[in-house]
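Structure first, commentary second.
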4 protein chains.
Amino acid sequence: MASSKSKRTTVPVAVVGASGYSGAELARLLCLHPQAKLTCVTSRQHAGRALSEIFPRLRGVGPEDLFFTEPDVDAIAASGAQAVFLALPHGVAAEFAGPLVEKGLRVVDLSADFRLESPSIYEEFYGSPHPAPDLLAESVYGLPEIRAGEIRKARLVASPGCYPTSILLPLIPVLREGLIARSGIVANSISGVSGAGKRADTALLFAECNESLRPYGVPKHRHLSEIEQELSAVSGQKITISFTPHLAPVTAGLCTTISALLDNGSAEERIGKAYAEAYGKAPFVRLLGPGGCPDTKHVIGTNFIDIGWCIDERTGRCVLMSAEDNLGKGAAGQALQSFNLMFGLEETAGLKII
Amino acid sequence: MASSKSKRTTVPVAVVGASGYSGAELARLLCLHPQAKLTCVTSRQHAGRALSEIFPRLRGVGPEDLFFTEPDVDAIAASGAQAVFLALPHGVAAEFAGPLVEKGLRVVDLSADFRLESPSIYEEFYGSPHPAPDLLAESVYGLPEIRAGEIRKARLVASPGCYPTSILLPLIPVLREGLIARSGIVANSISGVSGAGKRADTALLFAECNESLRPYGVPKHRHLSEIEQELSAVSGQKITISFTPHLAPVTAGLCTTISALLDNGSAEERIGKAYAEAYGKAPFVRLLGPGGCPDTKHVIGTNFIDIGWCIDERTGRCVLMSAEDNLGKGAAGQALQSFNLMFGLEETAGLKII
Amino acid sequence: MASSKSKRTTVPVAVVGASGYSGAELARLLCLHPQAKLTCVTSRQHAGRALSEIFPRLRGVGPEDLFFTEPDVDAIAASGAQAVFLALPHGVAAEFAGPLVEKGLRVVDLSADFRLESPSIYEEFYGSPHPAPDLLAESVYGLPEIRAGEIRKARLVASPGCYPTSILLPLIPVLREGLIARSGIVANSISGVSGAGKRADTALLFAECNESLRPYGVPKHRHLSEIEQELSAVSGQKITISFTPHLAPVTAGLCTTISALLDNGSAEERIGKAYAEAYGKAPFVRLLGPGGCPDTKHVIGTNFIDIGWCIDERTGRCVLMSAEDNLGKGAAGQALQSFNLMFGLEETAGLKII
Amino acid sequence: MASSKSKRTTVPVAVVGASGYSGAELARLLCLHPQAKLTCVTSRQHAGRALSEIFPRLRGVGPEDLFFTEPDVDAIAASGAQAVFLALPHGVAAEFAGPLVEKGLRVVDLSADFRLESPSIYEEFYGSPHPAPDLLAESVYGLPEIRAGEIRKARLVASPGCYPTSILLPLIPVLREGLIARSGIVANSISGVSGAGKRADTALLFAECNESLRPYGVPKHRHLSEIEQELSAVSGQKITISFTPHLAPVTAGLCTTISALLDNGSAEERIGKAYAEAYGKAPFVRLLGPGGCPDTKHVIGTNFIDIGWCIDERTGRCVLMSAEDNLGKGAAGQALQSFNLMFGLEETAGLKII
């Protein structure tokens with residue numbers, strides 16, 4: 001009886017690189033998770049200081065006696081952790097993933113290190129050879145709505161970030177069903193500033209980001225590599241898309257709007273049907289119906305992604321729209337969703353937060 | 001000697017419907033304009049109250065003895081105004097434009113009433129017959145970078161709003177030169193909340209707009225009618241585009257990102273050349289060069305529009321980006337720019353504000 | 001064994017006037033509460049519409065089959081509700097409180113109607129005679145940290161709002177211990193805009209509140225009446241304080257800074273001791289220690305109030321500082337905390353959210 | 001004829017340390033000033049780069065051929081500058097002030113280096129001996145509303161910052177007239193984030209400051225030293241005040257609320273009269289009258305300070321309120337106002353901007 005068993009389980013977990021925004025959100029969600037127990041949090045910067053000192057929000061709810069330690073594979077394993085979340089920069093995560101997996105821990109990596117299947121595409125987009133190509137063959141792209149079966153069995157899950165999640169979930173069903181053309185897809189995203197990380201960079205100062213709307217990183221954002229990989233996988237041919245990210249003055253939230261040419265006069269109901277089939281049982285995808293426009297304010301702090309769509313008969317194109325919390329479904333929440341699957345817990349355990 | 005003469009002129013002006021955000025910005029700019037003098041401001045809501053009471057920002061700079069009056073054509077003319085700015089809702093503006101023009105005043109209308117050439121397209125997009133079709137033949141679409149000559153002679157200028165300006169100025173040069181395909185153009189815009197007007201609508205409350213990113217008005221925004229009219233005019237054939245507006249938590253500012261398929265392998269330098277030819281002498285268009293990303297925070301409070309562009313070789317498309325103040329170049333500033341042309345003043349008079 | 005019993009209980013509850021911000025937060029918290037079940041939500045404005053349509057955040061978590069109804073005492077009772085939260089304007093709440101209490105329901109009123117002991121002070125501050133003076137004798141001022149015993153037994157709890165809570169909790173311990181002078185107390189508060197309610201008022205528009213800092217309501221805010229009542233109660237003599245509220249561009253959050261003259265050279269440790277004695281076991285008061293400055297960003301979305309303090313030896317005064325979520329500990333969270341006490345649940349049930 | 005002469009003058013000016021927010025605002029205002037000409041801008045960080053590259057807002061208005069240089073006294077003098085604005089950190093400004101004054105340039109220092117009369121109080125508050133005590137005797141505290149005569153003749157003006165300006169201007173008239181008690185004055189200020197400077201500090205990131213309200217720097221902010229010095233000067237005895245600064249999520253703007261005990265039952269009209277006498281001819285002080293509440297949104301981008309006041313008869317205290325732009329009247333605007341006085345220009349030259 002998996003379900004009754006799963007209710008009794010408590011999984012000891014570690015978070016490596018817990019000082020940034022994804023790390024902080026992971027810590028928050030794990031403190032609230034009824035079947036996870038934080039045994040280890042690491043941060044070079046904060047080593048020796050209490051978790052609740054660095055994240056004052058956790059005081060009174062989180063563990064009072066947990067202190068940041070230096071990241072060290074042996075110490076992480078010695079803490080008893082069975083699961084490890086890596087909230088590290090790309091390139092650094094790979095240094096920890098292999099040794100941890102070898103020690104028998106199961107790893108959810110929030111970096112981009114294990115999201116690509118091809119080491120050469122990694123090198124093309126990230127500018128250096130892949131640090132651990134052997135593990136790539138094994139790692140699973142952690143989009144639970146698409147690859148739940150593989151995630152359940154994985155030792156290493158590469159959990160997608162905010163832009164890929166917001167683009168892939170609306171596109172995959174309509175592309176898989178052949179409802180849109182495979183070329184000419186244009187995606188525009190608007191992200192909250194926390195997506196840029198907790199870095200001492202003057203470009204991210206309040207006075208630089210407030211009252212500012214701006215595109216950036218044109219035309220070849222790194223995450224295009226994984227987006228196109230996953231789109232190509234479901235459509236059976238190489239897909240290339242146009243993508244422009246923007247920064248807007250919100251702390252959290254990510255809003256994506258996609259324009260695609262309809263194929264064979266696909267109607268709104270066919271799109272709606274494709275979504276219903278794909279996500280009817282997905283607990284964190286909320287379908288807004290035709291004409292429904294998502295709003296990030298309804299999803300921040302949650303693991304939900306809201307999806308709306310409409311057809312523009314004048315141009316023969318459709319508009320697909322999504323909203324998510326870049327730190328929730330776009331980072332920490334999604335990583336926990338994979339964790340739940342990996343450890344046989346309810347997929348929604350600890351994540352039905354609004 | 002036009003220029004020495006123009007420096008001596010002071011034009012008496014009226015603002016009709018001055019209680020909203022465009023009206024307030026017009027009042028601000030006119031108080032700072034060295035060759036304009038406010039003789040009349042009207043507002044049903046504020047009639048009888050001092051201009052500086054309603055707009056506290058103007059205290060100490062604006063006229064102390066100017067009071068709002070009820071909108072009345074005879075009274076406006078009797079104030080001595082030679083120019084009238086209409087900052088009224090569409091449909092209402094048309095009631096004033098004709099009588100004022102007949103009395104010999106020159107009118108800059110900030111509403112959508114006189115922007116379309118075709119009464120039937122007006123009816124298609126605005127849902128009612130055009131209230132003054134005769135005047136349509138005469139009115140000039142007031143984009144000074146494109147129609148300066150006509151504007152100079154016009155009795156009635158239909159000054160474009162924020163979305164059309166932000167889309168037309170980047171698109172016209174490359175479309176005119178045949179550098180992009182005429183179909184498959186996708187425009188996404190992000191607007192500040194003041195663009196929705198000063199209306200007592202709970203959807204516009206601070207607590208509803210803050211920490212919120214959202215598309216709206218899909219798929220057939222009213223302003224598409226004028227955008228496509230002007231694009232068709234320069235390209236010699238019917239152009240239809242996809243357009244999705246978004247709302248973000250800034251007071252002012254509008255950021256537009258356009259994706260278009262390159263034609264015949266147009267390179268970045270050809271696009272740059274087209275912009276340089278079109279706007280090299282345009283005092284309010286700032287070209288950021290290839291790869292340059294505009295940022296609304298550099299244009300708010302000004303009449304500038306900043307334009308950047310880049311080519312995405314992977315998809316064979318280009319990205320055109322613009323930033324403007326939705327109340328400046330997207331409304332009041334642009335109206336004043338036309339006013340300057342109409343009255344033989346320097347195009348930049350009163351507008352070199354940063 | 002109260003605790004094991006309390007874990008099995010589920011209390012059916014109604015929220016009357018659930019369309020504003022406090023109502024929305026109550027609905028959110030009740031959907032997450034493990035021992036409460038929403039049986040009825042009322043709103044004249046939204047009657048007939050689904051809860052999750054009006055509050056899209058609740059979709060996927062809240063009840064799918066709950067619809068707003070017109071507020072009606074019989075219908076509320078017929079829903080099976082044992083507890084009723086009144087999220088109504090002052091004056092209106094009193095119309096419902098009496099009939100509901102008479103029917104045997106227990107009521108937590110979030111309005112100001114039952115917070116004052118004296119009908120004449122109500123009339124002085126609210127401008128009309130008290131609508132139900134008999135109930136005043138019975139109602140309990142619902143500050144759980146101060147009056148838990150009374151709240152447990154109450155049929156009608158008058159739950160304090162954001163300003164009183166943020167001022168009373170820091171002041172009561174030091175005033176009760178005689179550590180500060182009883183006159184010359186100055187409180188300044190900065191509130192998020194949601195504190196002004198969800199009203200279609202142009203003064204609350206995004207474009208009016210963003211980039212704006214402003215005092216308002218000087219010098220005699222209505223909530224002074226209850227603040228001074230409670231301060232007088234603990235100090236044994238009439239206390240009058242100076243209070244200036246301010247509005248700042250945040251959605252939620254309330255920050256209060258109090259300056260008071262130290263009595264008899266009270267030292268920081270005496271203040272710290274008074275707080276520790278008062279709140280050492282209070283699950284939602286987090287003491288930051290001497291010199292600790294609270295920050296609303298650590299408490300928004302929670303039921304915590306963070307309190308810091310310091311002594312200014314140069315002036316012989318102390319500074320007491322608090323931060324809370326105006327909709328959490330300042331409204332809905334606090335109301336639920338009283339509810340937990342009234343129904344014998346754990347005080348923290350459903351409220352250990354961060 | 002001073003006025004006709006002043007209209008012809010153009011003063012060459014330098015800005016030293018122009019890379020921060022005050023420097024950027026100085027550059028903006030100087031580009032708009034009709035009688036100032038930027039000849040030199042220095043910045044170690046940006047040396048060699050164009051002014052308009054670092055401040056994109058200035059493109060199209062500012063000089064196209066001005067490049068940042070390394071700060072060097074000889075080079076500054078060689079640029080022909082007659083006036084120099086120092087926008088440097090305290091301690092560093094003093095290194096430049098002396099040599100520049102010796103070379104015959106007139107200096108407006110925006111740092112705290114020359115604001116105090118007493119080197120020992122400097123050391124008490126700034127933690128190191130004063131770097132140039134001799135110049136202290138000569139420097140003038142640059143509050144034009146109070147010390148215009150001295151400023152006109154000064155070689156070195158120490159221009160006050162945002163907190164002192166916002167507190168001194170409301171307090172000085174009522175304190176000078178003996179309308180309030182000299183003890184028990186409590187000032188609370190709320191500042192925009194730009195006031196903390198353009199520093200790569202994670203505490204100033206957008207995601208840390210947005211949705212955050214917080215006091216800081218309690219209880220002995222450095223600027224208390226100059227505030228108390230100036231208050232003591234006008235009241236003829238040592239004044240000590242309580243002051244708590246707060247940070248709120250606005251880019252610019254500073255709002256101060258002061259509570260003081262009324263002396264001898266001072267009435268609102270006596271306070272109003274004191275303000276009218278003090279500031280009736282001050283072009284940048286706008287008096288809002290009794291009960292008038294200032295709002296930073298009406299002053300940002302300007303050199304105005306708005307002042308309101310009211311009496312609280314219940315407590316026998318008065319509330320004095322001010323709003324200014326922390327970078328305008330609280331920094332760059334005020335420095336330019338002193339510059340205008342020093343060079344015999346109209347006090348308002350280049351500053352009647354709204």
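Each chain in the structure tokens gets a letter, A, B and so on, in the order shown; residues start at 1 in every chain, and ligands are counted from 1 in the order they appear.
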TODO: Name the residues in contact with segment 51-62 of chain B at a cut-off of 9 Å, using only C-alpha atoms, excluding same-chain residues fewer than 3 positions from it; report them as a ChimeraX atom specification.
DONE: /B:19,24,27-28,30-32,41,46,65-68 /D:283-286,297-300,302,304,352-354
- [ ] Counting only C-alpha atoms, collect the residues of chain D whose closest atom lies at most 9 Å from chain A, and write them out as a list in words.
- [x]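 Matching residues, ligands excluded from the count: Gly192, Val193, Ser194, Lys198, Arg199, Ala200, Asp201, Thr202, Ala203, Leu204, Leu205, Phe206, Ala207, Glu208, Cys209, Asn210, Glu211, Pro249, Val250, Thr251 and Ala252 of chain D.
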TODO: Do a neighbour search on Tyr122 of chain B at 12 Å with only C-alpha atoms, toss out local chain neighbours closer than 2 positions, and write the hits as a PyMOL selection string.
DONE: chain B and resi 90-91+112-120+124-133+136+222-226+229
Take the residues from that selection and write them out as a short mmCIF file (atom, residue, chain, number, x, y, z; two decimals), in the first residue's frame, keeping C-alpha atoms.
```cif
data_model
loop_
_atom_site.label_atom_id
_atom_site.label_comp_id
_atom_site.auth_asym_id
_atom_site.auth_seq_id
_atom_site.Cartn_x
_atom_site.Cartn_y
_atom_site.Cartn_z
CA HIS B 90 -12.62 58.12 -27.96
CA GLY B 91 -16.04 59.07 -29.20
CA ALA B 112 -8.30 57.32 -31.42
CA ASP B 113 -11.13 59.19 -33.13
CA PHE B 114 -9.28 60.47 -36.17
CA ARG B 115 -6.45 58.00 -36.59
CA LEU B 116 -8.12 55.69 -39.07
CA GLU B 117 -8.71 56.48 -42.70
CA SER B 118 -11.61 54.10 -43.06
CA PRO B 119 -14.89 54.63 -41.19
CA SER B 120 -15.69 50.96 -41.63
CA GLU B 124 -15.14 47.13 -36.85
CA PHE B 125 -12.70 47.90 -34.05
CA TYR B 126 -14.64 50.42 -31.94
CA GLY B 127 -18.09 48.93 -32.25
CA SER B 128 -20.02 52.01 -33.39
CA PRO B 129 -20.20 54.15 -36.53
CA HIS B 130 -17.62 56.90 -36.79
CA PRO B 131 -19.05 60.07 -35.24
CA ALA B 132 -17.57 62.50 -37.81
CA PRO B 133 -16.51 60.72 -40.98
CA LEU B 136 -11.37 61.75 -41.32
CA ARG B 222 -8.22 48.16 -30.83
CA HIS B 223 -5.01 49.90 -31.72
CA LEU B 224 -4.14 47.13 -34.16
CA SER B 225 -6.39 48.92 -36.63
CA GLU B 226 -4.18 51.98 -36.88
CA GLN B 229 -3.13 50.86 -41.50
#
```
- [ ] Show which residues sit within 7 Å of Pro294 of chain B, as a ChimeraX atom specification. Count only C-alpha atoms, and ignore same-chain residues fewer than 3 positions away.
- [x] /A:214 /B:306-308,321-323
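Non-sequential neighbours of Ala276 of chain C (distance at most 8 Å, separation of 4 or more positions within a chain, only C-alpha atoms) are C:Gly272, C:Gly280, C:Leu287.
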Could you write out the selected residues, including C-alpha atoms, as a compact mmCIF listing (two decimals), in the first residue's frame?
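Listing of result20.txt after writing:
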```
# COMPACT_ATOMS: atom_id res chain seq x y z
CA GLY C 272 14.39 42.64 26.85
CA GLY C 280 8.53 34.02 25.55
CA LEU C 287 11.79 38.98 19.52
```
Task: Residues of segment 26-238 of chain B in alpha helix (DSSP H), written as a ChimeraX atom specification - done: /B:26-32,51-54,73-78,93-102,119-126,133-136,144-153,162-176,206-209,224-235
